[in-house]
Amino acid sequence: MKLTSEFRNSKLAGGLLDQIRRHSRRHVRLMEFCGGHTVTVFRYGIRKLLPSTISMVSGPGCPICVTANADLDKAIALAHIPGVIITTFGDMMKIPGSNSSLQEAKGEGADVRMVYSTMDALAIAAENPSKSVVFLGIGFETTAPTVAASIIQAENLGLKNYHVLSLLKVCPPVIHALLDSGQVQLQGLICPGHVSAVTGFLAWEFIAREYGIPCLVSGFEPLDILQAIACLVAQIEKGEAHVESAYRRAVRPEGNIWAQNLLKQVFEPASANWRAIGAVPDSGLKIRKEYAQYDAQTKFEIKTAPPLEPKGCRCGDILRGVKTPADCPLFGNVCAPQSAVGPCMVSSEGTCHAYYLYGDPSD
Amino acid sequence: MCLAIPALIKSIAGQEAEAEIGGISRRISLVLTPEAQVGDYVLLHAGYAISTIDQAAAGETLKIFREIAGIAEGWE
């Protein structure tokens with residue numbers, strides 16, 4: 001079984017699209033929460049294939065894009081502390097903070113290393129016992145268990161020079177915050193597939209129950225997205241609102257219990273700062289005091305100036321689904337992948353990046 | 001960033017496995033999916049398997065898609 005190409009088949013996509021066109025009557029607005037879904041929607045031209053009754057809006061599900069400048073500034077300040085090696089996923093390197101980026105810090109002599117996994121960061125810590133190795137914990141529930149696992153592994157290996165700057169976030173509270181703000185009206189939500197592989201799809205039940213919005217967990221291939229849209233349309237036309245999975249092969253109702261237990265063991269819920277959305281209670285993962293020696297926030301005194309936001313950048317409104325990149329005066333001229341101003345253009349899963357690569361100006 | 005790809009488990013040693021991803025072999029961690037067995041597909045994210053893939057469910061989903069598209073069984 002190929003598991004990817006089979007879910008990109010154009011004939012099967014045609015069948016799902018016919019079904020969507022046959023059933024869609026009401027004019028609806030659907031949000032794909034996850035940046036990975038945004039990329040699939042644009043790469044395969046899904047918006048243009050949908051009937052005019054369905055419009056889609058991108059959500060804040062790009063962990064890099066929603067990292068606040070104040071937090072990025074902390075990471076960059078840490079990089080400049082002598083004896084510190086920063087380890088991070090590559091996507092973080094170019095994201096601008098208030099005045100600089102990790103890449104620029106590296107150019108100025110800071111030791112910043114790209115890693116593929118927290119296991120690589122642990123190996124760097126083992127190889128450099130006289131240095132402090134800090135892993136930048138950026139990500140949602142998909143990534144957080146791999147960070148938790150690394151802290152347990154550091155403990156098992158007796159690695160005292162491994163630390164994590166936890167900027168990890170969880171998704172359900174921010175959807176709550178978005179919907180409560182009343183700024184975005186939705187008739188359906190496509191829920192993040194790999195976050196749900198960890199949380200289980202029942203994590204989204206509250207959206208259907210409290211807001212009456214149908215929720216579909218989706219995978220990342222075009223047929224997954226089309227199936228999710230077809231199921232959303234079916235619920236909407238019947239006047240129903242519940243949670244379903246269009247990603248049965250990877251997501252169980254209860255999720256990954258091992259990963260959830262590891263998260264509970266290492267982290268506790270805390271308020272987190274989301275770019276343009278602000279502080280959202282219980283949307284962050286703070287390292288528990290039992291593991292404080294691995295917490296970079298405890299270990300280092302991190303000094304930063306008050307954060308600055310890039311002038312004219314509309315990333316914040318775009319992340320909240322209130323505006324589209326076409327509404328931003330910088331989009332496509334001042335701000336492009338080669339000269340990105342805001343994180344939504346820098347990140348490969350940012351909405352502006354997807355619009356720039358695959359969209360057209362009329363979108 | 002939450003990108004995860006299917007990987008086929010070829011062998012297991014403790015909490016680690018040798019897995020094949022599109023013809024390339026790499027060592028991955030099974031610490032989050034201790035139930036994974038040789039021959040299973042897992043979803044690989046940042047070096048860790050985060051979920052086992054239910055191949056029967058994948059087959060059923062594709063069967064439904066073929067029915068929706070009006071394509072007969074056995075078509076590939």
# chains A, B, ... in the order shown; residues from 1 in each chain; ligands from 1

$ interface_residues --of "chain B" --to "chain A" --cutoff "7 Å" --atoms "only C-alpha atoms" --output "list in words"
Met1, Cys2, Leu3, Leu32, Ala46, Gly47, Tyr48, Ser51, Thr52, Ile53, Asp54, Gln55, Ala57, Ala58, Phe65, Arg66, Ile68 and Ala69 of chain B

$ select_by_dssp --residues "range 114-154 of chain A" --states "alpha helix (DSSP H)" --output "ChimeraX atom specification"
/A:118-127,144-154

$ write_last_selection --atoms "C-alpha atoms" --output "CSV table (one decimal), in the first residue's frame"
chain,number,residue,atom,x,y,z
A,118,THR,CA,15.2,16.3,19.4
A,119,MET,CA,17.3,13.1,19.2
A,120,ASP,CA,19.9,15.1,17.2
A,121,ALA,CA,19.8,17.8,19.8
A,122,LEU,CA,20.5,15.2,22.6
A,123,ALA,CA,23.4,13.9,20.5
A,124,ILE,CA,24.9,17.4,20.3
A,125,ALA,CA,24.5,17.8,24.1
A,126,ALA,CA,26.3,14.5,24.6
A,127,GLU,CA,29.1,15.6,22.3
A,144,ALA,CA,5.3,18.4,21.9
A,145,PRO,CA,5.5,14.6,22.7
A,146,THR,CA,8.9,14.4,20.9
A,147,VAL,CA,10.1,17.3,23.1
A,148,ALA,CA,8.8,15.6,26.2
A,149,ALA,CA,10.5,12.3,25.2
A,150,SER,CA,13.8,14.2,24.8
A,151,ILE,CA,13.6,15.6,28.4
A,152,ILE,CA,13.0,12.1,29.7
A,153,GLN,CA,15.8,10.7,27.6
A,154,ALA,CA,18.2,13.5,28.9

$ closest_residue --among "B:Ala49, B:Ile64, B:Ile12, B:Ala7" --to "Ile24 in chain B" --atoms "only C-alpha atoms"
B:Ala7

$ select_by_dssp --residues "range 100-245 of chain A" --states "strand (DSSP E)" --output "list in words"
Asp111, Val112, Arg113, Met114, Ser132, Val133, Val134, Phe135, Leu136, Gly137, Tyr162, His163, Val164, Leu165, Ser166, Gly188, Leu189, Ile190, Cys191, Cys215, Leu216, Val217, Ser218, Val243, Glu244 and Ser245 of chain A

$ write_last_selection --atoms "N, CA and C atoms" --output "mmCIF file, in the first residue's frame"
data_model
loop_
_atom_site.group_PDB
_atom_site.id
_atom_site.type_symbol
_atom_site.label_atom_id
_atom_site.label_comp_id
_atom_site.auth_asym_id
_atom_site.auth_seq_id
_atom_site.Cartn_x
_atom_site.Cartn_y
_atom_site.Cartn_z
ATOM 1 N N ASP A 111 26.195 30.146 18.038
ATOM 2 C CA ASP A 111 26.215 28.743 17.607
ATOM 3 C C ASP A 111 24.772 28.247 17.501
ATOM 4 N N VAL A 112 24.217 28.315 16.308
ATOM 5 C CA VAL A 112 22.834 27.910 16.061
ATOM 6 C C VAL A 112 22.865 26.755 15.072
ATOM 7 N N ARG A 113 22.290 25.630 15.461
ATOM 8 C CA ARG A 113 22.361 24.445 14.598
ATOM 9 C C ARG A 113 20.967 23.919 14.268
ATOM 10 N N MET A 114 20.791 23.600 12.994
ATOM 11 C CA MET A 114 19.519 23.018 12.560
ATOM 12 C C MET A 114 19.516 21.532 12.880
ATOM 13 N N SER A 132 26.085 24.494 26.947
ATOM 14 C CA SER A 132 24.664 24.288 27.249
ATOM 15 C C SER A 132 23.913 24.203 25.925
ATOM 16 N N VAL A 133 23.213 23.108 25.710
ATOM 17 C CA VAL A 133 22.480 22.924 24.458
ATOM 18 C C VAL A 133 21.001 23.188 24.712
ATOM 19 N N VAL A 134 20.470 24.176 23.989
ATOM 20 C CA VAL A 134 19.059 24.543 24.155
ATOM 21 C C VAL A 134 18.294 24.158 22.903
ATOM 22 N N PHE A 135 17.257 23.355 23.072
ATOM 23 C CA PHE A 135 16.370 23.039 21.950
ATOM 24 C C PHE A 135 15.186 24.001 21.998
ATOM 25 N N LEU A 136 14.882 24.617 20.848
ATOM 26 C CA LEU A 136 13.741 25.533 20.803
ATOM 27 C C LEU A 136 12.465 24.721 20.593
ATOM 28 N N GLY A 137 11.681 24.627 21.627
ATOM 29 C CA GLY A 137 10.459 23.830 21.565
ATOM 30 C C GLY A 137 9.328 24.639 20.947
ATOM 31 N N TYR A 162 21.405 19.715 28.738
ATOM 32 C CA TYR A 162 20.324 19.796 27.725
ATOM 33 C C TYR A 162 19.145 20.562 28.305
ATOM 34 N N HIS A 163 18.686 21.565 27.571
ATOM 35 C CA HIS A 163 17.585 22.409 28.049
ATOM 36 C C HIS A 163 16.603 22.665 26.910
ATOM 37 N N VAL A 164 15.386 22.960 27.294
ATOM 38 C CA VAL A 164 14.343 23.246 26.292
ATOM 39 C C VAL A 164 13.727 24.611 26.600
ATOM 40 N N LEU A 165 13.635 25.454 25.567
ATOM 41 C CA LEU A 165 12.836 26.677 25.697
ATOM 42 C C LEU A 165 11.446 26.302 25.177
ATOM 43 N N SER A 166 10.527 26.065 26.100
ATOM 44 C CA SER A 166 9.211 25.588 25.655
ATOM 45 C C SER A 166 8.324 26.746 25.219
ATOM 46 N N GLY A 188 -18.059 25.524 9.204
ATOM 47 C CA GLY A 188 -17.406 24.222 9.305
ATOM 48 C C GLY A 188 -15.925 24.393 9.559
ATOM 49 N N LEU A 189 -15.358 23.419 10.268
ATOM 50 C CA LEU A 189 -13.929 23.496 10.599
ATOM 51 C C LEU A 189 -13.231 22.201 10.192
ATOM 52 N N ILE A 190 -12.140 22.349 9.448
ATOM 53 C CA ILE A 190 -11.284 21.200 9.145
ATOM 54 C C ILE A 190 -10.197 21.184 10.219
ATOM 55 N N CYS A 191 -10.218 20.140 11.042
ATOM 56 C CA CYS A 191 -9.326 20.077 12.212
ATOM 57 C C CYS A 191 -7.997 19.416 11.825
ATOM 58 N N CYS A 215 -17.250 19.590 12.618
ATOM 59 C CA CYS A 215 -15.790 19.471 12.634
ATOM 60 C C CYS A 215 -15.361 18.188 11.944
ATOM 61 N N LEU A 216 -14.410 18.291 11.048
ATOM 62 C CA LEU A 216 -13.884 17.117 10.368
ATOM 63 C C LEU A 216 -12.376 17.083 10.482
ATOM 64 N N VAL A 217 -11.851 16.035 11.053
ATOM 65 C CA VAL A 217 -10.399 15.856 11.089
ATOM 66 C C VAL A 217 -9.970 15.340 9.721
ATOM 67 N N SER A 218 -8.921 15.925 9.183
ATOM 68 C CA SER A 218 -8.500 15.540 7.840
ATOM 69 C C SER A 218 -7.025 15.202 7.787
ATOM 70 N N VAL A 243 -18.490 15.821 15.397
ATOM 71 C CA VAL A 243 -17.095 15.609 15.005
ATOM 72 C C VAL A 243 -16.973 14.281 14.277
ATOM 73 N N GLU A 244 -16.276 14.303 13.146
ATOM 74 C CA GLU A 244 -16.015 13.065 12.417
ATOM 75 C C GLU A 244 -14.555 13.068 11.999
ATOM 76 N N SER A 245 -14.052 11.899 11.655
ATOM 77 C CA SER A 245 -12.698 11.826 11.135
ATOM 78 C C SER A 245 -12.728 11.413 9.677
#

$ residues_around --residues "Val57 in chain A" --least-positions-apart "3" --cutoff "12 Å" --atoms "only C-alpha atoms" --output "JSON, numbers by chain"
{"A": [28, 29, 30, 31, 32, 33, 34, 35, 37, 38, 41, 42, 47, 54, 60, 61, 184, 185, 186, 187, 188, 189, 190, 317, 318, 319, 320, 321, 322, 323, 324, 325, 351, 355, 363]}

$ atom_distance --atom1 "CA of Asp327 in chain A" --atom2 "CA of Gly45 in chain A"
20.3 Å

$ residues_around --residues "range 15-23 of chain B" --least-positions-apart "3" --cutoff "10 Å" --atoms "only C-alpha atoms" --output "ChimeraX atom specification"
/A:2 /B:5-12,26-34,36-42,44,48-49

$ residues_around --residues "range 302-315 of chain A" --least-positions-apart "4" --cutoff "9 Å" --atoms "only C-alpha atoms" --output "VMD selection string"
chain A and resid 65 68 to 71 73 to 75 77 to 78 81 97 to 99 275 to 276 296 to 297 319 to 320 323 to 325 327 to 331 335 341 to 345 351 to 352

$ write_last_selection --atoms "C-alpha atoms" --output "JSON list (two decimals), in the first residue's frame"
[["chain", "number", "residue", "atom", "x", "y", "z"],
["A", 65, "CYS", "CA", 3.68, 31.91, 12.39],
["A", 68, "ALA", "CA", 5.01, 35.97, 19.22],
["A", 69, "ASN", "CA", 7.92, 38.31, 18.60],
["A", 70, "ALA", "CA", 8.55, 38.53, 22.36],
["A", 71, "ASP", "CA", 9.22, 34.75, 22.33],
["A", 73, "ASP", "CA", 13.40, 37.63, 20.79],
["A", 74, "LYS", "CA", 13.99, 35.33, 23.78],
["A", 75, "ALA", "CA", 15.29, 32.57, 21.49],
["A", 77, "ALA", "CA", 18.82, 36.46, 23.04],
["A", 78, "LEU", "CA", 19.58, 32.93, 24.25],
["A", 81, "ILE", "CA", 24.66, 33.90, 25.56],
["A", 97, "GLY", "CA", 11.96, 38.66, 15.66],
["A", 98, "SER", "CA", 11.83, 42.35, 16.55],
["A", 99, "ASN", "CA", 15.29, 43.18, 15.18],
["A", 275, "ARG", "CA", 0.91, 36.38, 17.63],
["A", 276, "ALA", "CA", -1.97, 38.83, 17.11],
["A", 296, "ALA", "CA", 15.85, 27.08, 29.66],
["A", 297, "GLN", "CA", 13.55, 29.73, 31.20],
["A", 319, "LEU", "CA", -3.75, 34.29, 11.21],
["A", 320, "ARG", "CA", -7.14, 35.09, 12.74],
["A", 323, "LYS", "CA", -8.09, 39.18, 6.32],
["A", 324, "THR", "CA", -6.46, 37.43, 3.37],
["A", 325, "PRO", "CA", -2.96, 38.10, 2.02],
["A", 327, "ASP", "CA", -5.66, 42.62, 1.79],
["A", 328, "CYS", "CA", -2.06, 43.25, 2.88],
["A", 329, "PRO", "CA", -0.33, 46.26, 1.22],
["A", 330, "LEU", "CA", 3.05, 44.53, 1.48],
["A", 331, "PHE", "CA", 2.00, 41.19, -0.08],
["A", 335, "CYS", "CA", 6.91, 41.00, 1.10],
["A", 341, "VAL", "CA", 8.55, 40.74, 6.22],
["A", 342, "GLY", "CA", 6.20, 38.61, 8.30],
["A", 343, "PRO", "CA", 6.28, 35.00, 9.50],
["A", 344, "CYS", "CA", 3.31, 33.96, 7.33],
["A", 345, "MET", "CA", 5.53, 34.59, 4.28],
["A", 351, "THR", "CA", -0.81, 31.40, 4.50],
["A", 352, "CYS", "CA", 1.01, 34.21, 2.65]]

$ atom_distance --atom1 "CA of Ile213 in chain A" --atom2 "CA of Ala241 in chain A"
5.4 Å
